[in-house]
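Source file: data08.txt; contents: compact mmCIF, C-alpha atoms.
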```txt
# COMPACT_ATOMS: atom_id res chain seq x y z
CA MET A 1467 -119.96 139.27 109.53
CA LYS A 1468 -119.06 135.66 110.20
CA PRO A 1469 -115.49 134.39 110.10
CA ARG A 1470 -114.88 132.56 106.92
CA PHE A 1471 -113.06 129.59 108.39
CA LEU A 1472 -116.06 128.75 110.62
CA ASN A 1473 -118.45 128.98 107.78
CA SER A 1474 -116.21 126.79 105.67
CA ILE A 1475 -115.86 124.09 108.31
CA PHE A 1476 -119.18 124.02 110.19
CA GLY A 1477 -121.53 125.85 107.96
CA LYS A 1478 -123.60 128.84 108.89
CA ASP A 1479 -125.31 127.51 112.06
CA ARG A 1480 -122.80 127.83 114.96
CA LYS A 1481 -125.32 126.78 117.61
CA GLY A 1482 -124.55 123.17 116.79
CA ILE A 1483 -120.84 123.44 117.52
CA VAL A 1484 -121.43 125.37 120.72
CA PHE A 1485 -123.94 122.82 121.83
CA THR A 1486 -121.63 119.91 120.97
CA LEU A 1487 -118.64 121.49 122.70
CA ASP A 1488 -120.80 122.20 125.74
CA VAL A 1489 -122.00 118.62 125.96
CA MET A 1490 -118.51 117.21 125.41
CA LEU A 1491 -117.09 119.45 128.09
CA GLY A 1492 -119.84 118.47 130.51
CA ILE A 1493 -119.41 114.76 129.86
CA MET A 1494 -115.64 115.06 130.19
CA VAL A 1495 -115.96 116.73 133.59
CA VAL A 1496 -118.36 114.06 134.79
CA LEU A 1497 -116.21 111.24 133.43
CA ILE A 1498 -113.09 112.68 135.05
CA ILE A 1499 -114.88 112.91 138.40
CA LEU A 1500 -116.27 109.42 138.00
CA THR A 1501 -112.92 107.96 136.97
CA PHE A 1502 -111.07 109.49 139.88
CA GLY A 1503 -113.81 108.39 142.25
CA SER A 1504 -113.82 104.83 140.94
CA VAL A 1505 -110.05 104.44 141.03
CA TYR A 1506 -109.86 105.81 144.54
CA LEU A 1507 -112.72 103.66 145.76
CA SER A 1508 -111.43 100.45 144.26
CA LEU A 1509 -107.97 101.00 145.70
CA ALA A 1510 -109.25 101.84 149.15
CA SER A 1511 -111.70 98.91 149.33
CA ASP A 1512 -109.16 96.42 148.07
CA GLU A 1513 -106.75 97.37 150.82
CA LYS A 1514 -109.38 97.12 153.53
CA LEU A 1515 -110.62 93.75 152.29
CA GLY A 1516 -107.05 92.53 152.12
CA GLN A 1517 -106.44 93.78 155.64
CA LEU A 1518 -109.45 91.85 156.94
CA GLN A 1519 -108.30 88.70 155.19
CA LEU A 1520 -104.83 89.06 156.72
CA ILE A 1521 -106.28 89.53 160.20
CA ARG A 1522 -108.58 86.53 159.90
CA THR A 1523 -105.88 84.29 158.54
CA GLY A 1524 -103.39 85.43 161.17
CA ASN A 1525 -105.87 84.91 164.02
CA ASP A 1526 -106.86 81.48 162.73
CA ILE A 1527 -103.29 80.27 162.33
CA LEU A 1528 -102.32 81.52 165.77
CA ALA A 1529 -105.38 79.83 167.32
CA ILE A 1530 -104.66 76.52 165.58
CA LEU A 1531 -101.05 76.59 166.77
CA ASP A 1532 -102.34 77.26 170.29
CA TYR A 1533 -104.90 74.42 170.20
CA LYS A 1534 -102.27 72.03 168.80
CA ALA A 1535 -99.96 73.07 171.67
CA ILE A 1536 -97.26 74.07 169.19
CA LEU A 1537 -96.94 77.61 170.52
CA GLN A 1538 -96.42 76.12 173.97
CA SER A 1539 -93.35 74.25 172.73
CA GLN A 1540 -91.65 77.63 172.14
CA ASN A 1541 -89.65 75.80 169.47
CA GLU A 1542 -89.00 78.36 166.75
CA THR A 1543 -88.43 75.82 163.96
CA LEU A 1544 -91.47 73.76 164.84
CA ILE A 1545 -93.69 76.82 164.98
CA TYR A 1546 -92.31 78.14 161.69
CA ASN A 1547 -92.73 74.84 159.85
CA GLU A 1548 -96.27 74.32 161.11
CA MET A 1549 -97.16 77.91 160.30
CA LYS A 1550 -95.85 77.55 156.73
CA THR A 1551 -98.09 74.56 156.09
CA MET A 1552 -101.14 76.70 156.81
CA LEU A 1553 -100.13 79.99 155.21
CA PRO A 1554 -101.74 80.90 151.87
CA PRO A 1555 -99.11 81.20 149.11
CA ASN A 1556 -99.50 84.98 148.85
CA MET A 1557 -99.00 85.63 152.55
CA ASP A 1558 -96.17 85.69 155.04
CA MET A 1559 -96.25 85.84 158.79
CA GLN A 1560 -94.01 86.31 161.80
CA ILE A 1561 -94.89 84.92 165.24
CA LEU A 1562 -93.51 86.22 168.50
CA ILE A 1563 -94.09 84.61 171.91
CA GLU A 1564 -93.38 86.81 174.91
CA ALA A 1565 -93.17 84.62 178.00
CA PRO A 1566 -92.14 86.16 181.35
CA SER A 1567 -88.67 84.67 181.19
CA SER A 1568 -88.09 84.13 177.47
CA ALA A 1569 -89.03 85.23 173.98
CA THR A 1570 -89.38 83.19 170.81
CA GLN A 1571 -89.57 84.70 167.36
CA THR A 1572 -89.87 83.09 163.94
CA THR A 1573 -87.31 84.20 161.40
CA MET A 1574 -89.46 85.75 158.69
CA GLN A 1575 -89.12 89.52 158.78
CA PRO A 1576 -91.89 91.89 157.67
CA PRO A 1577 -91.20 94.18 154.71
CA PRO A 1578 -90.23 97.80 155.46
CA LYS A 1579 -93.26 99.12 153.55
CA GLY A 1580 -96.74 97.96 152.69
CA LEU A 1581 -99.74 96.60 154.51
CA ILE A 1582 -98.85 94.78 157.74
CA VAL A 1583 -101.47 93.67 160.27
CA SER A 1584 -101.00 92.36 163.78
CA GLY A 1585 -102.93 90.46 166.42
CA SER A 1586 -102.34 88.68 169.70
CA ARG A 1587 -103.73 86.11 172.09
CA VAL A 1588 -102.90 84.94 175.59
CA ILE A 1589 -101.59 81.39 175.95
CA TYR A 1590 -101.01 78.99 178.82
CA ILE A 1591 -97.59 77.38 179.14
CA ASN A 1592 -97.06 74.94 182.02
CA GLY A 1593 -98.84 77.01 184.61
CA ASN A 1594 -97.55 80.34 183.29
CA TYR A 1595 -98.95 82.78 180.79
CA ALA A 1596 -97.52 84.30 177.67
CA LYS A 1597 -98.51 86.64 174.91
CA ALA A 1598 -98.44 85.24 171.38
CA LYS A 1599 -98.33 87.93 168.69
CA TYR A 1600 -98.27 87.80 164.93
CA LEU A 1601 -97.47 90.14 162.08
CA ALA A 1602 -98.94 89.24 158.70
CA TRP A 1603 -98.43 90.74 155.25
CA TYR A 1604 -98.81 90.00 151.57
CA ARG A 1605 -95.78 88.90 149.59
CA MET B 1194 -138.12 122.97 115.55
CA LYS B 1195 -134.38 122.37 115.38
CA ASN B 1196 -133.84 124.65 118.41
CA LYS B 1197 -136.37 122.69 120.48
CA LYS B 1198 -134.70 119.40 119.62
CA ALA B 1199 -131.34 120.79 120.59
CA GLN B 1200 -132.69 122.13 123.88
CA LEU B 1201 -134.33 118.79 124.66
CA PHE B 1202 -131.07 117.00 123.87
CA LEU B 1203 -129.14 119.40 126.09
CA VAL B 1204 -131.54 118.94 128.98
CA THR B 1205 -131.41 115.15 128.61
CA LEU B 1206 -127.62 115.04 128.59
CA THR B 1207 -127.42 117.41 131.53
CA LEU B 1208 -129.79 115.21 133.50
CA LEU B 1209 -127.74 112.18 132.52
CA ALA B 1210 -124.56 113.86 133.71
CA PHE B 1211 -126.13 114.80 137.01
CA THR B 1212 -127.44 111.27 137.42
CA ILE B 1213 -123.98 109.84 136.87
CA LEU B 1214 -122.51 112.36 139.28
CA THR B 1215 -125.14 111.56 141.91
CA LEU B 1216 -124.59 107.83 141.53
CA SER B 1217 -120.85 108.29 141.88
CA ILE B 1218 -121.37 110.28 145.09
CA ILE B 1219 -123.69 107.56 146.45
CA ALA B 1220 -121.16 104.89 145.47
CA TYR B 1221 -118.44 106.85 147.23
CA GLN B 1222 -120.48 107.20 150.40
CA THR B 1223 -121.43 103.52 150.33
CA SER B 1224 -117.80 102.62 149.94
CA GLN B 1225 -116.86 104.82 152.89
CA SER B 1226 -119.52 103.12 154.98
CA PHE B 1227 -118.28 99.72 153.80
CA GLU B 1228 -114.75 100.60 154.84
CA ASN B 1229 -115.96 101.62 158.28
CA ARG B 1230 -117.79 98.32 158.63
CA LEU B 1231 -114.67 96.45 157.58
CA SER B 1232 -112.69 98.26 160.26
CA ASP B 1233 -115.35 97.29 162.79
CA ILE B 1234 -115.26 93.68 161.65
CA ALA B 1235 -111.48 93.65 161.94
CA SER B 1236 -111.76 94.96 165.50
CA PHE B 1237 -114.38 92.34 166.33
CA GLU B 1238 -112.03 89.68 164.99
CA ARG B 1239 -109.33 90.83 167.39
CA LEU B 1240 -111.84 90.99 170.24
CA SER B 1241 -113.09 87.49 169.52
CA ASN B 1242 -109.56 86.12 169.29
CA LEU B 1243 -108.63 87.60 172.64
CA ASP B 1244 -111.86 86.42 174.25
CA LEU B 1245 -111.46 82.84 173.00
CA SER B 1246 -107.83 82.68 174.07
CA ALA B 1247 -108.71 83.90 177.59
CA GLN B 1248 -111.47 81.27 177.73
CA LYS B 1249 -109.00 78.58 176.74
CA VAL B 1250 -106.56 79.62 179.46
CA LEU B 1251 -109.36 79.61 182.05
CA LYS B 1252 -110.20 76.06 181.00
CA ASN B 1253 -106.51 75.07 181.19
CA ILE B 1254 -106.31 76.45 184.73
CA PHE B 1255 -109.49 74.61 185.68
CA ASP B 1256 -108.21 71.32 184.27
CA ASP B 1257 -104.80 71.67 185.93
CA LYS B 1258 -105.62 73.14 189.32
CA SER B 1259 -109.27 72.88 190.34
CA GLY B 1260 -109.13 69.21 191.31
CA ILE B 1261 -112.45 68.67 189.52
CA ASN B 1262 -112.76 66.36 186.55
CA VAL B 1263 -115.78 67.04 184.36
CA THR B 1264 -116.84 64.67 181.60
CA ILE B 1265 -119.83 64.58 179.31
CA LYS B 1266 -120.89 61.36 177.66
CA GLY B 1267 -124.25 61.26 175.96
CA LEU B 1268 -126.73 62.56 178.49
CA ASP B 1269 -124.45 61.80 181.45
CA VAL B 1270 -122.52 64.65 183.03
CA THR B 1271 -120.01 63.52 185.64
CA PHE B 1272 -118.15 65.62 188.20
CA GLU B 1273 -115.38 63.97 190.14
CA GLU B 1274 -113.39 65.57 192.94
CA THR B 1275 -112.10 65.07 196.46
CA LEU B 1276 -113.85 66.87 199.30
CA PRO B 1277 -112.93 69.07 201.01
CA ASN B 1278 -111.79 70.89 197.89
CA VAL B 1279 -109.56 73.64 199.29
CA HIS B 1280 -108.35 74.75 195.81
CA ALA B 1281 -105.79 77.29 197.12
CA GLU B 1282 -103.49 76.62 194.17
CA PHE B 1283 -106.41 77.08 191.80
CA ASN B 1284 -107.20 80.45 193.35
CA ALA B 1285 -103.56 81.53 193.16
CA SER B 1286 -103.45 80.61 189.47
CA LEU B 1287 -106.61 82.56 188.77
CA ASP B 1288 -105.19 85.61 190.55
CA SER B 1289 -101.97 85.30 188.63
CA PHE B 1290 -103.82 85.01 185.31
CA LYS B 1291 -106.05 87.96 186.08
CA ASN B 1292 -103.01 90.05 186.90
CA TYR B 1293 -101.18 88.98 183.75
CA LEU B 1294 -104.14 89.49 181.45
CA GLU B 1295 -105.11 92.91 182.73
CA THR B 1296 -101.51 94.10 182.67
CA ASN B 1297 -100.70 92.91 179.16
CA PHE B 1298 -103.98 93.35 177.31
CA ASP B 1299 -106.06 96.49 177.16
CA SER B 1300 -109.83 96.41 177.25
CA ILE B 1301 -110.20 93.11 179.12
CA ASN B 1302 -110.64 92.14 182.73
CA LEU B 1303 -111.68 89.08 184.70
CA SER B 1304 -114.29 88.77 187.44
CA ILE B 1305 -113.07 85.74 189.33
CA GLY B 1306 -114.38 86.41 192.85
CA SER B 1307 -117.23 83.89 192.70
CA ILE B 1308 -115.11 81.30 190.89
CA LYS B 1309 -112.48 81.44 193.63
CA GLN B 1310 -115.09 81.08 196.31
CA TYR B 1311 -117.59 78.60 194.86
CA ILE B 1312 -116.16 77.19 191.60
CA PRO B 1313 -119.61 77.58 190.05
CA LEU B 1314 -120.25 75.40 187.00
CA LEU B 1315 -123.32 75.87 184.89
CA MET B 1316 -125.04 73.62 182.38
CA PRO B 1317 -126.85 76.37 180.44
CA SER B 1318 -128.97 74.06 178.31
CA HIS B 1319 -130.59 72.56 181.43
CA ASN B 1320 -130.14 75.41 183.89
CA ILE B 1321 -128.32 73.20 186.38
CA PHE B 1322 -125.73 74.75 188.72
CA TYR B 1323 -122.97 72.73 190.36
CA ASN B 1324 -121.04 74.72 192.93
CA HIS B 1325 -119.50 74.59 196.39
CA SER B 1326 -121.23 76.46 199.18
CA GLN B 1327 -118.31 75.37 201.39
CA ASN B 1328 -115.12 73.42 200.75
CA ASN B 1329 -116.80 70.22 201.90
CA VAL B 1330 -120.27 70.82 200.47
CA ILE B 1331 -121.39 70.41 196.88
CA ASN B 1332 -124.54 72.29 196.06
CA ILE B 1333 -126.48 71.35 192.94
CA THR B 1334 -129.38 73.50 191.88
CA ASN B 1335 -131.82 71.84 189.53
CA SER B 1336 -134.70 74.24 189.72
CA GLU B 1337 -136.27 73.08 186.46
CA PHE B 1338 -136.04 69.36 187.38
CA ASN B 1339 -134.00 68.46 184.33
CA ILE B 1340 -132.18 65.55 185.99
CA ASN B 1341 -133.61 62.08 185.37
CA ALA B 1342 -131.04 60.20 187.45
CA LEU B 1343 -128.46 61.17 190.05
CA ASP B 1344 -125.67 58.83 191.05
CA VAL B 1345 -123.41 59.89 193.92
CA TYR B 1346 -120.46 57.72 194.85
CA PHE B 1347 -118.16 58.22 197.85
CA ALA B 1348 -114.78 56.56 198.36
CA THR B 1349 -113.12 57.37 201.66
CA ASN B 1350 -110.57 56.14 204.17
CA SER B 1351 -113.03 56.60 207.00
CA THR B 1352 -114.60 53.50 208.47
CA LEU B 1353 -118.25 52.67 208.18
CA LEU B 1354 -120.25 52.54 211.37
CA SER B 1355 -123.25 50.33 211.64
CA GLY B 1356 -125.87 53.03 211.53
CA TYR B 1357 -126.94 54.49 208.25
CA SER B 1358 -129.95 56.17 206.77
CA CYS B 1359 -131.71 55.87 203.43
CA SER B 1360 -134.87 57.89 203.67
CA LEU B 1361 -136.20 58.52 200.19
CA THR B 1362 -139.48 60.26 199.51
CA MET B 1363 -141.46 59.26 196.49
CA GLY B 1364 -144.27 61.36 195.13
CA SER B 1365 -145.90 62.60 192.00
CA SER B 1366 -143.78 63.07 188.89
CA PRO B 1367 -141.25 64.33 187.97
CA SER B 1368 -139.09 61.80 189.71
CA ILE B 1369 -135.35 61.20 189.94
CA LEU B 1370 -133.67 57.84 190.21
CA LEU B 1371 -131.31 58.49 193.10
CA SER B 1372 -128.41 56.16 193.76
CA VAL B 1373 -125.99 56.86 196.61
CA SER B 1374 -123.18 54.42 197.23
CA GLY B 1375 -119.91 54.37 199.10
CA ASP B 1376 -116.80 52.30 199.64
CA LEU B 1377 -115.19 52.77 203.03
CA ALA B 1378 -111.89 51.86 204.62
CA ASN B 1379 -112.94 48.78 206.54
CA GLY B 1380 -114.45 47.20 203.46
CA GLY B 1381 -117.76 48.73 204.34
CA ARG B 1382 -120.17 49.23 201.48
CA TYR B 1383 -123.17 51.51 201.46
CA ASP B 1384 -126.00 51.57 198.91
CA CYS B 1385 -129.16 53.59 198.83
CA VAL B 1386 -131.22 53.45 195.63
CA GLY B 1387 -134.74 54.53 194.77
CA GLN B 1388 -137.04 56.87 192.91
CA ILE B 1389 -137.52 60.18 194.66
CA ASP B 1390 -139.65 63.22 194.23
CA PRO B 1391 -137.21 66.15 193.82
CA THR B 1392 -139.71 68.56 195.30
CA LYS B 1393 -139.71 66.69 198.62
CA HIS B 1394 -137.09 66.06 201.25
CA SER B 1395 -134.96 62.94 200.90
CA LEU B 1396 -131.84 61.89 202.78
CA ALA B 1397 -129.09 59.34 202.24
CA SER B 1398 -126.55 59.31 205.02
CA ILE B 1399 -123.42 57.19 205.48
CA ASN B 1400 -122.33 57.11 209.08
CA THR B 1401 -118.58 57.03 209.39
CA SER B 1402 -116.29 57.11 212.38
CA GLN B 1403 -115.76 60.85 211.78
CA GLY B 1404 -119.30 61.94 211.01
CA ASN B 1405 -121.99 61.54 208.38
CA MET B 1406 -121.52 61.82 204.66
CA THR B 1407 -124.87 62.90 203.33
CA VAL B 1408 -126.85 63.50 200.18
CA ILE B 1409 -129.86 65.65 200.91
CA ILE B 1410 -132.57 66.64 198.48
CA THR B 1411 -134.08 69.74 199.94
CA ASN B 1412 -136.18 72.64 198.78
CA PRO B 1413 -137.44 72.08 195.28
CA GLY B 1414 -134.52 71.15 193.09
CA THR B 1415 -131.63 71.57 195.52
CA ILE B 1416 -129.19 68.73 196.16
CA LEU B 1417 -126.59 69.00 198.92
CA ILE B 1418 -123.66 66.58 199.10
CA THR B 1419 -121.68 66.92 202.31
CA VAL B 1420 -118.56 65.31 203.68
CA PRO B 1421 -117.89 65.92 207.38
CA ASN B 1422 -114.92 67.96 208.53
CA GLY B 1423 -111.80 65.89 208.85
CA VAL B 1424 -112.88 63.33 206.28
CA TYR B 1425 -111.32 63.18 202.84
CA SER B 1426 -113.53 61.50 200.33
CA LYS B 1427 -113.58 61.13 196.59
CA VAL B 1428 -117.02 62.20 195.40
CA LYS B 1429 -118.24 61.22 191.97
CA THR B 1430 -121.52 62.82 190.97
CA LYS B 1431 -123.13 61.60 187.79
CA MET B 1432 -126.23 63.35 186.52
CA THR B 1433 -128.31 61.96 183.69
CA VAL B 1434 -130.20 64.86 182.24
CA ASN B 1435 -133.34 64.80 180.16
CA ASN B 1436 -132.83 64.93 176.44
CA THR B 1437 -134.40 68.24 175.60
CA ASN B 1438 -131.12 69.78 174.47
CA GLU B 1439 -128.74 66.88 174.12
CA ASN B 1440 -126.60 68.44 171.42
CA GLN B 1441 -126.05 71.61 173.41
CA LEU B 1442 -125.00 69.85 176.58
CA GLU B 1443 -121.93 71.60 177.98
CA VAL B 1444 -120.49 72.84 181.27
CA ARG B 1445 -119.36 76.46 181.55
CA TYR B 1446 -118.43 79.12 184.02
CA PRO B 1447 -121.30 81.57 184.47
CA LEU B 1448 -121.54 84.61 182.22
CA GLY B 1449 -119.54 87.64 183.28
CA VAL B 1450 -116.24 85.96 184.06
CA ILE B 1451 -114.59 87.74 181.14
CA ASN B 1452 -115.42 91.39 180.58
CA ILE B 1453 -114.30 93.10 177.40
CA ASN B 1454 -114.78 96.79 176.80
CA PHE B 1455 -113.63 98.28 173.50
CA VAL B 1456 -114.02 101.97 174.22
CA ASN B 1457 -113.14 103.05 170.66
CA LEU B 1458 -115.95 100.98 169.20
CA GLY B 1459 -118.33 101.40 172.09
CA VAL B 1460 -118.50 97.61 172.37
CA LYS B 1461 -118.84 95.68 175.61
CA LYS B 1462 -118.94 91.92 175.89
CA LEU B 1463 -119.62 89.69 178.86
CA GLY B 1464 -117.98 86.33 178.34
CA ASP B 1465 -117.91 82.96 180.01
CA ALA B 1466 -115.67 79.97 179.46
CA ARG B 1467 -116.47 76.44 178.40
CA ILE B 1468 -115.11 73.81 180.75
CA ALA B 1469 -116.48 70.66 179.11
```
Could you quickly redo this structure as structure tokens?
Amino acid sequence: MKPRFLNSIFGKDRKGIVFTLDVMLGIMVVLIILTFGSVYLSLASDEKLGQLQLIRTGNDILAILDYKAILQSQNETLIYNEMKTMLPPNMDMQILIEAPSSATQTTMQPPPKGLIVSGSRVIYINGNYAKAKYLAWYR
Amino acid sequence: MKNKKAQLFLVTLTLLAFTILTLSIIAYQTSQSFENRLSDIASFERLSNLDLSAQKVLKNIFDDKSGINVTIKGLDVTFEETLPNVHAEFNASLDSFKNYLETNFDSINLSIGSIKQYIPLLMPSHNIFYNHSQNNVINITNSEFNINALDVYFATNSTLLSGYSCSLTMGSSPSILLSVSGDLANGGRYDCVGQIDPTKHSLASINTSQGNMTVIITNPGTILITVPNGVYSKVKTKMTVNNTNENQLEVRYPLGVININFVNLGVKKLGDARIA
């Protein structure tokens, strides 16, 4: 004895509805897995690519400031102004120079959260050596 | 018939679902691998930055303290210095830099023993070595005979004695145009010019009141420039090299001066430093 409501809606052959529901369920599971996977992957890759771009930009700017002897001036304003001319609009950076007897730091402060990368190089200042470091992040 | 169609449809969709699932797993694994490579590249960027900055400082120290001026113009490479080159301040700076670098940066160390002793300078494109076997002796190794002309000029406060020697040996090619000249304190002028065979012994000797300043071509491809003890002399050595690698002409410290070892990545790098 078949339930009347099924017969009235889907007709006598219930194999069709079972089959359809089965396929829909299967596709939904696959799509859910795929969606989660895609979202996760895209987020993760974006962050890593962004990190690499930050590192490269930070390294390049620090190297240019070194080759132009601007880091050696240890003049915070000069370093900051020169750095700003090279920074991409979506990026910010802080530079810190640790010399044996002094330290120079540009004013820009990194955000409390988010992606922040760092790098360093050794520089030569009038016969002495110092460590120039940078922090870089997206605005 | 309807049942078979439905079964075929079910099998097809199931295969499709599995294909999508498999592709998503492959994409995920590829992405993971990509992320690992990106991390490696980021580490290499840091390594390269540190290496290049250490090279730049080594060049700065050389320029400031070694007492040697190196210039490259076309195919002419010129070294200018005063012999004897004691370079104590240069050595102290190198020690200080080594100490600073190894204290403040992980994974990097300097091998400066040979630089402190010989100040070896290499022209990699022509395999020519310019170094100091002693403070008052410049030793140039040109084992592949890549020098077409060698011009050595002395300027000293010592006085020129009457005796001098200019014994140049010509032979089969390759040959070098050797020119040795000197200006001395009493207005004395010395010149010795001629084509020589670099595989044979040649000698140019300026006799001064304190001994002989000499340029000796000895053993195949070895050039010795000597200033006697007690004499201070500017020595300008200009080499004109053959043009096989003109665009790559540069002067560097030998490989192995900078050693970088990134344990986490399993990466080791032997570095040198460009001087000119």
Quiz item: Around (-109.8, 66.2, 186.8) in the file's own coordinates, what residues are found within 12 Å if you use all atoms listed in the file, given back as a list in words?
Solution: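 Applying the cut-off with all atoms listed in the file, one gets Lys1252, Asn1253, Ile1254, Phe1255, Asp1256, Asp1257, Lys1258, Ser1259, Gly1260, Ile1261, Asn1262, Val1263, Thr1264, Thr1271, Phe1272, Glu1273, Glu1274, Thr1275, Lys1427, Val1428, Lys1429, Ile1468 and Ala1469 of chain B.
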Practice problem: Just need the residues of chain A within 6 Å of chain B, counting all atoms listed in the file, so spit them out as a ChimeraX atom specification. | Solution: /A:1518,1587-1588,1590
Practice problem: Mind checking which residues fall within 12 Å of stretch 1568-1572 of chain A, counting all atoms listed in the file, ignoring those fewer than 6 positions away in the same chain, and posting them as a PyMOL selection string? | Solution: chain A and resi 1537-1550+1558-1562+1591+1594-1601
Quiz item: In file coordinates, which residues lie within 10 Å of (-131.2, 56.3, 206.2) using all atoms listed in the file, given as a PyMOL selection string?
Solution: chain B and resi 1356-1361+1385+1395-1400+1407
Can you sort out the box for stretch 1588-1594 of chain A, edges along x, y and z, all listed atoms in, 6 Å on every side, with centre and edge lengths in Å to one decimal, as AutoDock Vina command-line options?
```
--center_x -100.0 --center_y 79.9 --center_z 180.1 --size_x 17.8 --size_y 22.0 --size_z 21.0
```
Exercise. Quote the spacing between atom CA of B:Leu1377 and atom CA of B:His1394 in Å to one decimal place.
Key: 25.7 Å
Exercise. Measure the distance from atom CA of B:Ile1305 to atom CA of B:Val1460 in Å and round it to one decimal.
Key: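 Rounded to one decimal, the two atoms are 21.4 Å apart.
Going from atom CA of A:Trp1603 over to atom CA of A:Ile1536, you cover 21.8 Å.
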Exercise. Kindly indicate which residue among A:Val1484, A:Ser1567, A:Leu1553, A:Lys1514 lies nearest to B:Ser1226, using only C-alpha atoms for the distances.
Key: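 Of all the options, A:Lys1514 lies closest to B:Ser1226.
Neighbours of B:Thr1334 closer than or equal to 9 Å, with all atoms listed in the file counted and sequence neighbours fewer than 2 positions away skipped, come out as Asn1320, Ile1321, Phe1322, Tyr1323, Asn1324, Asn1332, Ser1336, Glu1337, Pro1413, Gly1414, Thr1415, Ile1416 and Leu1417 of chain B.
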Quiz item: Nearest to A:Arg1522: which of A:Ile1483, A:Val1495, A:Ile1563, A:Pro1554 is it, counting all atoms listed in the file?
Solution: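 Of the candidates, the smallest distance to A:Arg1522 is held by A:Pro1554.
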Self-check item: Residue contacts of A:Ile1527 (7 Å, only C-alpha atoms) excluding same-chain residues fewer than 3 positions away, as a PyMOL selection string
Solution: chain A and resi 1523-1524+1530-1531+1549+1552
Exercise. Just the residues within 9 Å of B:Leu1268, please, counting only C-alpha atoms, with nothing from its chain fewer than 2 positions along; format it as an MDAnalysis selection string.
Key: chainID B and resid 1265:1266 1270 1432:1436 1439 1442
Mind filling out stretch 1271-1282 of chain B with N, CA, C and O atoms and sending it as a PDB file, in the coordinates of the input?
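File written: selection-v4.pdb
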```
ATOM      1  N   THR B1271    -120.630  64.026 184.419  1.00  0.00           N
ATOM      2  CA  THR B1271    -120.010  63.520 185.640  1.00  0.00           C
ATOM      3  C   THR B1271    -118.995  64.518 186.189  1.00  0.00           C
ATOM      4  O   THR B1271    -118.154  65.034 185.451  1.00  0.00           O
ATOM      5  N   PHE B1272    -119.101  64.781 187.483  1.00  0.00           N
ATOM      6  CA  PHE B1272    -118.150  65.620 188.200  1.00  0.00           C
ATOM      7  C   PHE B1272    -117.446  64.739 189.218  1.00  0.00           C
ATOM      8  O   PHE B1272    -118.102  64.041 189.982  1.00  0.00           O
ATOM      9  N   GLU B1273    -116.137  64.809 189.217  1.00  0.00           N
ATOM     10  CA  GLU B1273    -115.380  63.970 190.140  1.00  0.00           C
ATOM     11  C   GLU B1273    -114.351  64.829 190.850  1.00  0.00           C
ATOM     12  O   GLU B1273    -113.569  65.539 190.209  1.00  0.00           O
ATOM     13  N   GLU B1274    -114.336  64.771 192.180  1.00  0.00           N
ATOM     14  CA  GLU B1274    -113.390  65.570 192.940  1.00  0.00           C
ATOM     15  C   GLU B1274    -113.225  64.973 194.337  1.00  0.00           C
ATOM     16  O   GLU B1274    -113.949  64.043 194.714  1.00  0.00           O
ATOM     17  N   THR B1275    -112.280  65.497 195.072  1.00  0.00           N
ATOM     18  CA  THR B1275    -112.100  65.070 196.460  1.00  0.00           C
ATOM     19  C   THR B1275    -112.525  66.206 197.377  1.00  0.00           C
ATOM     20  O   THR B1275    -112.077  67.348 197.227  1.00  0.00           O
ATOM     21  N   LEU B1276    -113.417  65.878 198.308  1.00  0.00           N
ATOM     22  CA  LEU B1276    -113.850  66.870 199.300  1.00  0.00           C
ATOM     23  C   LEU B1276    -113.108  66.630 200.607  1.00  0.00           C
ATOM     24  O   LEU B1276    -112.855  65.485 200.956  1.00  0.00           O
ATOM     25  N   PRO B1277    -112.732  67.664 201.329  1.00  0.00           N
ATOM     26  CA  PRO B1277    -112.930  69.070 201.010  1.00  0.00           C
ATOM     27  C   PRO B1277    -112.004  69.539 199.880  1.00  0.00           C
ATOM     28  O   PRO B1277    -110.849  69.136 199.832  1.00  0.00           O
ATOM     29  N   ASN B1278    -112.564  70.351 199.010  1.00  0.00           N
ATOM     30  CA  ASN B1278    -111.790  70.890 197.890  1.00  0.00           C
ATOM     31  C   ASN B1278    -111.314  72.287 198.283  1.00  0.00           C
ATOM     32  O   ASN B1278    -112.049  73.264 198.171  1.00  0.00           O
ATOM     33  N   VAL B1279    -110.075  72.360 198.762  1.00  0.00           N
ATOM     34  CA  VAL B1279    -109.560  73.640 199.290  1.00  0.00           C
ATOM     35  C   VAL B1279    -109.179  74.578 198.138  1.00  0.00           C
ATOM     36  O   VAL B1279    -109.310  75.796 198.234  1.00  0.00           O
ATOM     37  N   HIS B1280    -108.693  74.056 197.055  1.00  0.00           N
ATOM     38  CA  HIS B1280    -108.350  74.750 195.810  1.00  0.00           C
ATOM     39  C   HIS B1280    -107.563  76.062 195.997  1.00  0.00           C
ATOM     40  O   HIS B1280    -107.817  77.043 195.309  1.00  0.00           O
ATOM     41  N   ALA B1281    -106.621  76.078 196.917  1.00  0.00           N
ATOM     42  CA  ALA B1281    -105.790  77.290 197.120  1.00  0.00           C
ATOM     43  C   ALA B1281    -104.907  77.545 195.898  1.00  0.00           C
ATOM     44  O   ALA B1281    -104.728  78.694 195.474  1.00  0.00           O
ATOM     45  N   GLU B1282    -104.366  76.461 195.346  1.00  0.00           N
ATOM     46  CA  GLU B1282    -103.490  76.620 194.170  1.00  0.00           C
ATOM     47  C   GLU B1282    -104.295  77.116 192.972  1.00  0.00           C
ATOM     48  O   GLU B1282    -103.811  77.926 192.168  1.00  0.00           O
TER      49      GLU B1282
END
```
